[in-house]
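K.L.:
Below is a structure I'd like to ask you about.
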Amino acid sequence: MRNWRSRHAAGHRSFDPRRPLQRPDAQQTPNSPGEIFLQAASSVAPPSHEGDFFAAPPARQFISQGVAARIVFNFRQILLWLLAVLCIMSFVVLGWVLIEFAKHEKDPCDVPLALYVKVWVVLWVFGVWKKDFYKCLLRWSPEEGTPPLRVRIVDLIHIGIVHTWVAVGIYWVGSSQQCSNTAPELFTAVKWWVHLQAVVLLTGCLAIVASRCLLYWLQRNSELDVGVDASVLVARTMDEVKFDLSNPQLLDEKGRAQQCSVCYEQFDSQHTMRKTACGHIFHEKCLVRWYESNAARRKPTCPLCRADLIDQSSYGSVMA
């Protein structure tokens with residue numbers, strides 16, 4: 001009671017719900033929306049350019065070349081170990097499938113499991129001895145460099161058949177209603193094989209996507225030179241040398257053609273030669289392989305003098 005009287009004596013009026021609330025220090029209550037907007041705008045303090053919001057963004061922190069090279073190396077090691085595990089499992093399951101196929105080839109089944117196994121054997125034989133097939137039938141070997149159009153077409157056909165045959169196997173195994181009873185051993189082996197190959201193909205696709213994403217990220221956030229085609233880089237940054245026995249750089253002390261320091265084969269007119277920034281001459285295909293094998297771990301250097309393999313002034317034009 002005393003508190004109420006003291007507040008009333010100090011000038012506080014009783015609460016009237018019909019009267020709108022008003023701050024004691026308010027000068028004038030705005031009536032229109034324009035007045036409300038102007039009053040709100042005038043009450044906001046002007047922004048200060050000394051704060052963090054208007055400060056210049058920090059400079060991009062690039063990953064050092066050593067760290068980026070270690071990331072690429074570890075990523076490749078993980079892929080190699082994963083590939084090795086999947087290959088071992090594939091060989092084991094394939095052996096199991098072949099054993100069951102030899103025992104139960106004639107068992108009745110509502111889907112052609114025997115035909116499925118035979119086609120897989122043909123695809124595997126072609127994949128293992130693919131290089132020999134190319135040499136004998138297509139007259140091309142991987143040592144010649146970039147594969148011609150006919151080789152790439154055959155590769156695409158082989159990859160398409162493998163993916164299609166995996167899908168066919170998944171459909172046959174899923175739609176079969178009698179094989180699990182009439183040929184259970186062969187059906188179980190083929191079922192394991194189909195699912196394993198599906199995992200292998202899915203892992204390969206994910207690895208390709210992850211590799212592309214990693215290379216793209218390293219190109220933007222590191223100082224490592226990745227994602228550049230080695231053959232294009234060598235061709236655009238190094239001068240081609242024509243085979244001419246009158247050129248003293250191509251001759252040894254006895255007047256014979258010198259050898260490439262990478263492959264130890266003599267220079268001839270059948271192979272393209274390139275001259276590095278430090279002045280040494282090698283086969284173009286040898287330089288490409290040398291660059292690809294050394295670009296991920298460290299900065300590629302000359303096989304002879306260990307100088308920079310690529311001239312940095314000419315490298316910028318290739319990246320552009």
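The chains in the structure tokens are called A, B, ... from first to last as shown; in each chain the residues are counted from 1, and the ligands are counted from 1 in the order shown.
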I need the residues in stretch 95-288 of chain A that are alpha helix (DSSP H) according to DSSP; give them as a ChimeraX atom specification.
P.N.:
/A:95-104,113-128,130-133,149-175,179-182,184-221,230-237,284-288
K.L.:
Near stretch 175-183 of chain A, within 12 Å and counting only C-alpha atoms, which residues show up once chain neighbours fewer than 3 positions away are dropped, as a compact mmCIF listing (two decimals) with C-alpha atoms, in the first residue's frame?
P.N.:
```txt
# COMPACT_ATOMS: atom_id res chain seq x y z
CA GLU A 100 30.88 -73.82 -59.01
CA PHE A 101 30.40 -73.31 -62.75
CA LYS A 103 30.42 -78.47 -61.04
CA HIS A 104 26.91 -77.19 -61.72
CA GLU A 105 26.95 -75.95 -65.30
CA LYS A 106 24.18 -78.36 -66.31
CA ASP A 107 21.89 -77.66 -63.36
CA PRO A 108 18.49 -76.29 -64.41
CA CYS A 109 17.84 -72.63 -63.82
CA ASP A 110 15.26 -70.12 -65.01
CA VAL A 111 17.98 -67.57 -65.93
CA PRO A 112 21.10 -68.33 -68.02
CA LEU A 113 23.72 -68.22 -65.27
CA ALA A 114 26.11 -70.38 -67.30
CA VAL A 168 22.06 -57.64 -66.58
CA GLY A 169 23.48 -59.83 -63.80
CA ILE A 170 21.76 -57.78 -61.11
CA TYR A 171 18.46 -58.12 -62.99
CA TRP A 172 18.82 -61.87 -63.53
CA LEU A 186 26.16 -71.59 -58.55
CA PHE A 187 23.44 -69.06 -57.79
CA THR A 188 25.11 -67.98 -54.53
CA ALA A 189 28.53 -67.62 -56.19
CA VAL A 190 27.14 -65.59 -59.09
CA LYS A 191 25.15 -63.43 -56.68
```
K.L.:
Rank A:His163, A:Trp192, A:Gln270, A:Val262 by their smallest atom-to-atom distance to A:Glu144, using only C-alpha atoms, and report the top residue only.
P.N.:
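Of the candidates, the smallest distance to A:Glu144 is held by A:Gln270.
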K.L.:
Tell me, which residues of stretch 144-316 of chain A carry DSSP strand (DSSP E or B), written as a list in words?
P.N.:
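For stretch 144-316 of chain A, the strand (DSSP E or B) set is Ser222, Asp239, Glu240, Val241, Leu251, Ala257, Gln259, Gln266, Met273, Arg274, Lys275, Ile281, Phe282, His283, Thr301 and Asp308 of chain A.
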K.L.:
What's the 10 Å shell around stretch 83-86 of chain A, counting only C-alpha atoms, without same-chain residues fewer than 3 positions away, as a PyMOL selection string?
P.N.:
chain A and resi 77-80+89-92+196-197+199-200+203-204
K.L.:
Take the residues just selected and output them with all heavy atoms as a compact mmCIF listing (two decimals), in the first residue's frame.
P.N.:
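Below is the file selection-v7.txt, written as the result:
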```txt
# COMPACT_ATOMS: atom_id res chain seq x y z
N GLN A 77 47.64 -43.17 -52.63
CA GLN A 77 47.92 -44.38 -51.87
C GLN A 77 46.63 -45.04 -51.38
O GLN A 77 46.49 -46.27 -51.42
CB GLN A 77 48.81 -44.04 -50.68
CG GLN A 77 50.23 -43.64 -51.04
CD GLN A 77 50.98 -44.79 -51.70
OE1 GLN A 77 51.26 -44.78 -52.91
NE2 GLN A 77 51.31 -45.79 -50.93
N ILE A 78 45.67 -44.23 -50.94
CA ILE A 78 44.39 -44.79 -50.50
C ILE A 78 43.67 -45.48 -51.66
O ILE A 78 43.13 -46.59 -51.52
CB ILE A 78 43.51 -43.67 -49.89
CG1 ILE A 78 44.14 -43.15 -48.60
CG2 ILE A 78 42.10 -44.18 -49.63
CD1 ILE A 78 43.42 -41.96 -48.02
N LEU A 79 43.69 -44.84 -52.83
CA LEU A 79 43.04 -45.45 -53.99
C LEU A 79 43.74 -46.75 -54.39
O LEU A 79 43.08 -47.73 -54.76
CB LEU A 79 43.04 -44.46 -55.16
CG LEU A 79 42.12 -43.25 -55.03
CD1 LEU A 79 42.18 -42.42 -56.31
CD2 LEU A 79 40.69 -43.68 -54.75
N LEU A 80 45.07 -46.76 -54.32
CA LEU A 80 45.80 -47.98 -54.69
C LEU A 80 45.50 -49.12 -53.71
O LEU A 80 45.32 -50.27 -54.14
CB LEU A 80 47.30 -47.68 -54.73
CG LEU A 80 47.79 -46.81 -55.90
CD1 LEU A 80 49.28 -46.54 -55.77
CD2 LEU A 80 47.49 -47.48 -57.24
N MET A 89 39.77 -59.49 -53.79
CA MET A 89 38.44 -60.06 -53.57
C MET A 89 37.82 -60.53 -54.88
O MET A 89 37.15 -61.59 -54.92
CB MET A 89 37.54 -59.01 -52.91
CG MET A 89 37.95 -58.64 -51.51
SD MET A 89 36.87 -57.37 -50.79
CE MET A 89 35.31 -58.22 -50.80
N SER A 90 38.04 -59.79 -55.96
CA SER A 90 37.49 -60.19 -57.26
C SER A 90 38.10 -61.50 -57.74
O SER A 90 37.38 -62.38 -58.24
CB SER A 90 37.73 -59.08 -58.29
OG SER A 90 37.07 -57.88 -57.91
N PHE A 91 39.41 -61.65 -57.59
CA PHE A 91 40.04 -62.90 -58.01
C PHE A 91 39.54 -64.09 -57.18
O PHE A 91 39.30 -65.18 -57.71
CB PHE A 91 41.57 -62.78 -57.89
CG PHE A 91 42.21 -62.11 -59.07
CD1 PHE A 91 42.77 -60.86 -58.95
CD2 PHE A 91 42.25 -62.74 -60.31
CE1 PHE A 91 43.35 -60.23 -60.03
CE2 PHE A 91 42.83 -62.13 -61.41
CZ PHE A 91 43.39 -60.87 -61.27
N VAL A 92 39.38 -63.87 -55.88
CA VAL A 92 38.90 -64.96 -55.02
C VAL A 92 37.48 -65.36 -55.40
O VAL A 92 37.17 -66.56 -55.57
CB VAL A 92 38.98 -64.53 -53.54
CG1 VAL A 92 38.31 -65.58 -52.65
CG2 VAL A 92 40.44 -64.34 -53.12
N LEU A 196 29.71 -57.80 -56.01
CA LEU A 196 31.09 -57.31 -55.89
C LEU A 196 31.47 -56.43 -57.08
O LEU A 196 32.11 -55.38 -56.91
CB LEU A 196 32.05 -58.48 -55.76
CG LEU A 196 33.54 -58.12 -55.64
CD1 LEU A 196 33.79 -57.26 -54.43
CD2 LEU A 196 34.39 -59.38 -55.60
N GLN A 197 31.09 -56.84 -58.28
CA GLN A 197 31.40 -56.02 -59.46
C GLN A 197 30.64 -54.70 -59.43
O GLN A 197 31.16 -53.67 -59.90
CB GLN A 197 31.07 -56.81 -60.73
CG GLN A 197 31.95 -58.02 -60.94
CD GLN A 197 33.43 -57.67 -60.87
OE1 GLN A 197 33.90 -56.80 -61.60
NE2 GLN A 197 34.16 -58.36 -60.02
N VAL A 199 29.96 -53.06 -56.72
CA VAL A 199 30.72 -52.24 -55.77
C VAL A 199 31.99 -51.71 -56.42
O VAL A 199 32.39 -50.55 -56.22
CB VAL A 199 31.05 -53.07 -54.51
CG1 VAL A 199 32.02 -52.33 -53.61
CG2 VAL A 199 29.77 -53.39 -53.74
N VAL A 200 32.66 -52.55 -57.23
CA VAL A 200 33.89 -52.12 -57.91
C VAL A 200 33.61 -50.97 -58.87
O VAL A 200 34.33 -49.96 -58.87
CB VAL A 200 34.52 -53.31 -58.65
CG1 VAL A 200 35.66 -52.84 -59.56
CG2 VAL A 200 35.05 -54.34 -57.67
N THR A 203 32.70 -47.83 -56.89
CA THR A 203 33.90 -47.25 -56.27
C THR A 203 34.76 -46.55 -57.31
O THR A 203 35.33 -45.48 -57.03
CB THR A 203 34.70 -48.36 -55.58
OG1 THR A 203 33.87 -49.04 -54.63
CG2 THR A 203 35.91 -47.78 -54.85
N GLY A 204 34.88 -47.13 -58.50
CA GLY A 204 35.65 -46.48 -59.55
C GLY A 204 35.06 -45.14 -59.97
O GLY A 204 35.79 -44.15 -60.14
```
K.L.:
Report the distance between atom CA of A:Trp81 and atom CA of A:Pro142 in Å, rounded to one decimal place.
P.N.:
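These two atoms are separated by 24.5 Å.
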K.L.:
Which one of A:Phe75, A:Ile161, A:Val154, A:Pro148 sits closest to A:Trp124 if you count only C-alpha atoms?
P.N.:
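Closest residue, counting only C-alpha atoms: A:Ile161.
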K.L.:
Excluding A:Ala307 and its own-chain neighbours fewer than 3 positions away, which residues fall within 7 Å of it when counting only C-alpha atoms? Please give them as an NGL selection string.
P.N.:
:A and (278 or 301-302)
K.L.:
Record the distance separating atom CA of A:Thr272 and atom CA of A:Gln259, expressed in Å with one decimal.
P.N.:
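We find that atom CA of A:Thr272 and atom CA of A:Gln259 lie 13.3 Å from each other.
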K.L.:
Could you pull the residues within 12 Å of A:His158, counting only C-alpha atoms, minus those fewer than 3 positions along the same chain, as a list in words?
P.N.:
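That gives Trp120, Val122, Leu123, Trp124, Val125, Phe126, Gly127, Lys130, Val151, Arg152, Ile153, Val154, Asp155, Ile161, Val162, His163, Thr164 and Trp165 of chain A.
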K.L.:
What is the distance between atom CA of A:Phe267 and atom CA of A:Met238, in Å to one decimal?
P.N.:
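Computing it gives 16.9 Å between the two atoms.
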